[in-house]
Structure formats: structure tokens, C-alpha cells
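Text of protein-v5.pdb (PDB, C-alpha atoms and all ligand atoms) as supplied:
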ATOM      1  CA  MET A   1      90.789  98.692 111.777  1.00  0.00           C
ATOM      2  CA  ILE A   2      89.747 100.809 108.835  1.00  0.00           C
ATOM      3  CA  ASP A   3      88.249 104.131 109.927  1.00  0.00           C
ATOM      4  CA  ARG A   4      84.839 104.041 108.204  1.00  0.00           C
ATOM      5  CA  THR A   5      84.651 107.851 108.076  1.00  0.00           C
ATOM      6  CA  ARG A   6      87.713 108.054 105.838  1.00  0.00           C
ATOM      7  CA  TRP A   7      87.686 104.567 104.399  1.00  0.00           C
ATOM      8  CA  LYS A   8      88.594 105.513 100.825  1.00  0.00           C
ATOM      9  CA  GLU A   9      91.740 107.311 101.959  1.00  0.00           C
ATOM     10  CA  GLU A  10      92.722 104.401 104.195  1.00  0.00           C
ATOM     11  CA  ILE A  11      92.084 101.790 101.507  1.00  0.00           C
ATOM     12  CA  ARG A  12      94.033 103.862  98.976  1.00  0.00           C
ATOM     13  CA  SER A  13      96.968 104.013 101.382  1.00  0.00           C
ATOM     14  CA  THR A  14      97.209 100.211 101.262  1.00  0.00           C
ATOM     15  CA  LEU A  15      97.074 100.011  97.463  1.00  0.00           C
ATOM     16  CA  ALA A  16     100.030  99.220  95.270  1.00  0.00           C
ATOM     17  CA  THR A  17      98.802 101.704  92.657  1.00  0.00           C
ATOM     18  CA  ALA A  18      96.958 104.992  92.836  1.00  0.00           C
ATOM     19  CA  TYR A  19      94.198 103.728  90.570  1.00  0.00           C
ATOM     20  CA  GLY A  20      93.124 100.606  92.345  1.00  0.00           C
ATOM     21  CA  LEU A  21      89.958 101.692  94.150  1.00  0.00           C
ATOM     22  CA  ASP A  22      86.907 101.757  91.911  1.00  0.00           C
ATOM     23  CA  ILE A  23      83.778 100.924  93.891  1.00  0.00           C
ATOM     24  CA  ARG A  24      80.816 102.848  95.192  1.00  0.00           C
ATOM     25  CA  ASP A  25      79.882 103.546  98.801  1.00  0.00           C
ATOM     26  CA  GLY A  26      77.415 100.672  99.092  1.00  0.00           C
ATOM     27  CA  TRP A  27      80.253  98.202  99.468  1.00  0.00           C
ATOM     28  CA  LYS A  28      82.087 100.251 102.102  1.00  0.00           C
ATOM     29  CA  ASP A  29      81.335  97.928 105.013  1.00  0.00           C
ATOM     30  CA  LEU A  30      81.896  94.836 102.898  1.00  0.00           C
ATOM     31  CA  VAL A  31      85.374  95.957 101.836  1.00  0.00           C
ATOM     32  CA  CYS A  32      86.349  97.480 105.190  1.00  0.00           C
ATOM     33  CA  ASP A  33      85.332  94.285 107.000  1.00  0.00           C
ATOM     34  CA  LEU A  34      87.339  92.290 104.480  1.00  0.00           C
ATOM     35  CA  VAL A  35      90.473  94.393 104.940  1.00  0.00           C
ATOM     36  CA  ASP A  36      90.056  94.276 108.736  1.00  0.00           C
ATOM     37  CA  ARG A  37      89.790  90.485 108.674  1.00  0.00           C
ATOM     38  CA  ILE A  38      92.871  90.064 106.505  1.00  0.00           C
ATOM     39  CA  GLU A  39      94.894  92.481 108.623  1.00  0.00           C
ATOM     40  CA  ALA A  40      93.775  90.732 111.800  1.00  0.00           C
ATOM     41  CA  SER A  41      95.228  87.511 110.416  1.00  0.00           C
ATOM     42  CA  GLY A  42      98.700  89.044 110.679  1.00  0.00           C
ATOM     43  CA  LEU A  43      99.659  88.152 107.151  1.00  0.00           C
ATOM     44  CA  ARG A  44     101.897  90.390 105.088  1.00  0.00           C
ATOM     45  CA  TRP A  45      99.870  91.442 102.118  1.00  0.00           C
ATOM     46  CA  GLN A  46      99.255  94.330  99.761  1.00  0.00           C
ATOM     47  CA  LEU A  47      96.128  95.252  97.915  1.00  0.00           C
ATOM     48  CA  SER A  48      96.387  95.811  94.190  1.00  0.00           C
ATOM     49  CA  ARG A  49      92.809  96.511  93.148  1.00  0.00           C
ATOM     50  CA  VAL A  50      89.289  96.796  94.545  1.00  0.00           C
ATOM     51  CA  ALA A  51      86.756  97.195  91.772  1.00  0.00           C
ATOM     52  CA  GLU A  52      83.379  96.270  90.430  1.00  0.00           C
ATOM     53  CA  HIS A  53      83.622  93.633  87.734  1.00  0.00           C
ATOM     54  CA  PHE A  54      80.576  92.426  85.839  1.00  0.00           C
ATOM     55  CA  GLY A  55      78.424  93.599  88.729  1.00  0.00           C
ATOM     56  CA  GLY A  56      80.322  91.956  91.582  1.00  0.00           C
ATOM     57  CA  LEU A  57      83.227  92.860  93.809  1.00  0.00           C
ATOM     58  CA  SER A  58      86.701  92.083  92.525  1.00  0.00           C
ATOM     59  CA  PHE A  59      89.374  92.186  95.250  1.00  0.00           C
ATOM     60  CA  ARG A  60      92.948  91.538  94.137  1.00  0.00           C
ATOM     61  CA  THR A  61      96.186  91.355  96.075  1.00  0.00           C
ATOM     62  CA  VAL A  62      99.696  91.863  94.731  1.00  0.00           C
ATOM     63  CA  ILE A  63     100.771  88.355  95.664  1.00  0.00           C
ATOM     64  CA  ASP A  64      98.364  85.434  95.523  1.00  0.00           C
ATOM     65  CA  PRO A  65      96.917  84.999  99.008  1.00  0.00           C
ATOM     66  CA  ASP A  66      97.096  81.782 100.991  1.00  0.00           C
ATOM     67  CA  ASP A  67      94.053  79.516 101.058  1.00  0.00           C
ATOM     68  CA  VAL A  68      92.633  80.983 104.261  1.00  0.00           C
ATOM     69  CA  THR A  69      92.897  84.558 103.005  1.00  0.00           C
ATOM     70  CA  GLN A  70      91.505  83.570  99.623  1.00  0.00           C
ATOM     71  CA  ALA A  71      88.497  82.025 101.346  1.00  0.00           C
ATOM     72  CA  ILE A  72      87.900  85.315 103.210  1.00  0.00           C
ATOM     73  CA  ILE A  73      88.119  87.213  99.910  1.00  0.00           C
ATOM     74  CA  ASP A  74      85.857  84.729  98.115  1.00  0.00           C
ATOM     75  CA  HIS A  75      83.246  85.078 100.846  1.00  0.00           C
ATOM     76  CA  ALA A  76      83.189  88.880 100.516  1.00  0.00           C
ATOM     77  CA  GLU A  77      83.072  88.712  96.717  1.00  0.00           C
ATOM     78  CA  ASP A  78      80.163  86.252  96.916  1.00  0.00           C
ATOM     79  CA  ARG A  79      78.266  88.534  99.318  1.00  0.00           C
ATOM     80  CA  SER A  80      78.657  91.487  96.923  1.00  0.00           C
ATOM     81  CA  TRP A  81      76.169  89.841  94.549  1.00  0.00           C
ATOM     82  CA  TYR A  82      73.445  90.646  97.105  1.00  0.00           C
ATOM     83  CA  ILE A  83      74.456  94.140  98.293  1.00  0.00           C
ATOM     84  CA  CYS A  84      73.523  97.305  96.403  1.00  0.00           C
ATOM     85  CA  GLU A  85      76.799  98.821  95.262  1.00  0.00           C
ATOM     86  CA  LYS A  86      75.384 102.308  95.611  1.00  0.00           C
ATOM     87  CA  CYS A  87      73.718 102.354  99.049  1.00  0.00           C
ATOM     88  CA  GLY A  88      74.476  99.024 100.760  1.00  0.00           C
ATOM     89  CA  ALA A  89      70.863  97.823 101.016  1.00  0.00           C
ATOM     90  CA  PRO A  90      69.963  94.296  99.937  1.00  0.00           C
ATOM     91  CA  GLY A  91      70.132  94.175  96.165  1.00  0.00           C
ATOM     92  CA  SER A  92      70.166  91.830  93.249  1.00  0.00           C
ATOM     93  CA  TRP A  93      72.253  91.398  90.131  1.00  0.00           C
ATOM     94  CA  ASP A  94      70.717  92.711  86.958  1.00  0.00           C
ATOM     95  CA  LEU A  95      71.715  92.803  83.319  1.00  0.00           C
ATOM     96  CA  SER A  96      68.434  93.946  81.810  1.00  0.00           C
ATOM     97  CA  ARG A  97      69.765  97.361  80.797  1.00  0.00           C
ATOM     98  CA  GLY A  98      72.824  95.895  79.189  1.00  0.00           C
ATOM     99  CA  TRP A  99      75.078  96.670  82.158  1.00  0.00           C
ATOM    100  CA  ALA A 100      75.760  94.270  84.980  1.00  0.00           C
ATOM    101  CA  LYS A 101      74.842  95.877  88.297  1.00  0.00           C
ATOM    102  CA  VAL A 102      73.867  94.887  91.812  1.00  0.00           C
ATOM    103  CA  LEU A 103      71.300  97.420  92.957  1.00  0.00           C
ATOM    104  CA  CYS A 104      68.389  97.673  95.365  1.00  0.00           C
ATOM    105  CA  PRO A 105      65.009  98.591  93.820  1.00  0.00           C
ATOM    106  CA  PRO A 106      65.154 102.332  94.731  1.00  0.00           C
ATOM    107  CA  CYS A 107      68.684 102.727  93.348  1.00  0.00           C
ATOM    108  CA  TYR A 108      67.695 100.809  90.250  1.00  0.00           C
ATOM    109  CA  ARG A 109      64.874 103.297  89.643  1.00  0.00           C
ATOM    110  CA  LEU A 110      67.196 106.264  90.220  1.00  0.00           C
ATOM    111  CA  TRP A 111      69.925 104.889  87.985  1.00  0.00           C
ATOM    112  CA  ASP A 112      68.813 106.822  84.908  1.00  0.00           C
ATOM    113  CA  GLU A 113      67.805 109.940  86.802  1.00  0.00           C
ATOM    114  CA  GLU A 114      71.187 110.482  88.357  1.00  0.00           C
ATOM    115  CA  SER A 115      74.302 110.888  86.309  1.00  0.00           C
ATOM    116  CA  TRP A 116      76.121 107.879  87.660  1.00  0.00           C
ATOM    117  CA  GLN A 117      76.268 106.304  84.268  1.00  0.00           C
ATOM    118  CA  PRO A 118      77.422 102.770  83.719  1.00  0.00           C
ATOM    119  CA  ARG A 119      81.095 102.716  82.995  1.00  0.00           C
ATOM    120  CA  ILE A 120      82.551 101.753  79.661  1.00  0.00           C
ATOM    121  CA  GLY A 121      84.422  98.512  80.097  1.00  0.00           C
ATOM    122  CA  ASN A 122      81.958  97.083  82.551  1.00  0.00           C
ATOM    123  CA  LEU A 123      81.169  94.232  80.211  1.00  0.00           C
ATOM    124  CA  PRO A 124      83.706  91.659  79.086  1.00  0.00           C
TER     125      PRO A 124
HETATM  126 ZN    ZN B 201      70.644 100.967  96.750  1.00  0.00          ZN
END
Spell out the structure here as C-alpha cells.
Ligand SMILES: [Zn+2]
Amino acid sequence: MIDRTRWKEEIRSTLATAYGLDIRDGWKDLVCDLVDRIEASGLRWQLSRVAEHFGGLSFRTVIDPDDVTQAIIDHAEDRSWYICEKCGAPGSWDLSRGWAKVLCPPCYRLWDEESWQPRIGNLP
């Protein structure tokens, strides 16, 4: 089980590269639950990248997962379209500012006021 209090360190320790974790705290439970489920399956696996891509979660493993594991990953990626990437509240996908994001209304309003700027490369 991933320790939620130090989840970034624990996720990074499973990564194949040092640069593979690029998500905000709002998806903590989503990603930790996903890793816990895969590890509980007993499969040998290694994470290569966990990132936001075009507003949604992108979860990649070093070797293509089997169908069962892929279904677990697909389910988590699908859920990310409805979870604010910043705080974890229910959110919705938005492209109106030119950047794909899944945010809740309060985080959407704060987006410009805080300095968590959209990242270059967020769009295809
Ligand atoms: Zn939020």
C-alpha cells in the first residue's frame, strides 16, 4: 500500500526514470489506489510515467500491461476526467482558456491568481 503521506516519494521509487511523476495533488488518491490495485494483483510491473496529458491522467508502464491491468489503468484514466487535478474535488474538463484542464469551479477561478501556470507542451 502506498503511504498517502509520502505518496510522491513512494511513487517515484517505483519509476523507471527520475522524471516520470508530473501530476498535481488532486489525483493523489486516484493514482495511489491505482498503484495499490496493480500491486495487489501480484504482477511484476514497473511504472514509467504518471502525467497529465491534454487534461487527463496518463499512466504508462515500462512493459505493456496484460488486459486485466490495462483495464484497471483505463478505469483510473477515465475517472481523471472528472476529478480536479489540483484539489481532488469533482471537476470538469475545460479548454476555454486554451489549455486542457480538469478543475473544480473554485480552482478554475484561482487558476490565474496563483502562479501554477499551464505548462508548455500541454497541447498536442
Ligand atoms: Zn479543485
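Computed from the coordinates, the atom CA of Ser41 of chain A to atom CA of Lys86 of chain A distance equals 28.8 Å.
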Name the residues in contact with Ala76 of chain A at a cut-off of 9 Å, using all atoms listed in the file, excluding same-chain residues fewer than 4 positions from it; report them as a PyMOL selection string. chain A and resi 30-31+33-34+57+59+71-72+80
Give as an MDAnalysis selection string the residues surrounding ligand ZN 201 (chain B) up to a distance of 9 Å, considering all atoms listed in the file. chainID A and resid 26 83:91 102:108
Export, as a PDB file, in the coordinates of the input, the selected residues with C-alpha atoms.
ATOM      1  CA  GLY A  26      77.415 100.672  99.092  1.00  0.00           C
ATOM      2  CA  ILE A  83      74.456  94.140  98.293  1.00  0.00           C
ATOM      3  CA  CYS A  84      73.523  97.305  96.403  1.00  0.00           C
ATOM      4  CA  GLU A  85      76.799  98.821  95.262  1.00  0.00           C
ATOM      5  CA  LYS A  86      75.384 102.308  95.611  1.00  0.00           C
ATOM      6  CA  CYS A  87      73.718 102.354  99.049  1.00  0.00           C
ATOM      7  CA  GLY A  88      74.476  99.024 100.760  1.00  0.00           C
ATOM      8  CA  ALA A  89      70.863  97.823 101.016  1.00  0.00           C
ATOM      9  CA  PRO A  90      69.963  94.296  99.937  1.00  0.00           C
ATOM     10  CA  GLY A  91      70.132  94.175  96.165  1.00  0.00           C
ATOM     11  CA  VAL A 102      73.867  94.887  91.812  1.00  0.00           C
ATOM     12  CA  LEU A 103      71.300  97.420  92.957  1.00  0.00           C
ATOM     13  CA  CYS A 104      68.389  97.673  95.365  1.00  0.00           C
ATOM     14  CA  PRO A 105      65.009  98.591  93.820  1.00  0.00           C
ATOM     15  CA  PRO A 106      65.154 102.332  94.731  1.00  0.00           C
ATOM     16  CA  CYS A 107      68.684 102.727  93.348  1.00  0.00           C
ATOM     17  CA  TYR A 108      67.695 100.809  90.250  1.00  0.00           C
TER      18      TYR A 108
END
Rounded to one decimal in Å, what is the spacing between atom CA of Asp64 of chain A and atom CA of Glu10 of chain A?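 Atom CA of Asp64 of chain A sits 21.6 Å away from atom CA of Glu10 of chain A.
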Given only C-alpha atoms as the counted atoms, nearest of A:Ala100, A:Ile2, A:Ile23, A:Val62 to Val35 of chain A: A:Ile2
If you take every atom of segment 100-104 of chain A that the file lists and fit an axis-aligned box around them with 5 Å extra on each side, what centre and edge lengths come out in Å to one decimal, as AutoDock Vina command-line options?
--center_x 72.1 --center_y 96.0 --center_z 90.2 --size_x 17.4 --size_y 13.4 --size_z 20.4
Suppose a student applies the PyMOL selection byres (((chain A and resi 63) around 10) and not hetatm) to this structure; what residues should they get, written as a list in words?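 This file gives the following for the PyMOL selection byres (((chain A and resi 63) around 10) and not hetatm): Arg44, Trp45, Gln46, Leu47, Ser48, Arg60, Thr61, Val62, Asp64, Pro65 and Asp66 of chain A.
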So that I can check the surroundings of Arg4 of chain A, please list as a list in words every protein, DNA and RNA residue that reaches within 8 Å of it, counting only C-alpha atoms and ignoring chain neighbours fewer than 5 positions away. Lys28, Asp29 and Cys32 of chain A
Gap from atom CA of Arg79 of chain A to atom CA of Tyr19 of chain A - Å, one decimal: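 Atom CA of Tyr19 of chain A lies at a distance of 23.7 Å from atom CA of Arg79 of chain A.
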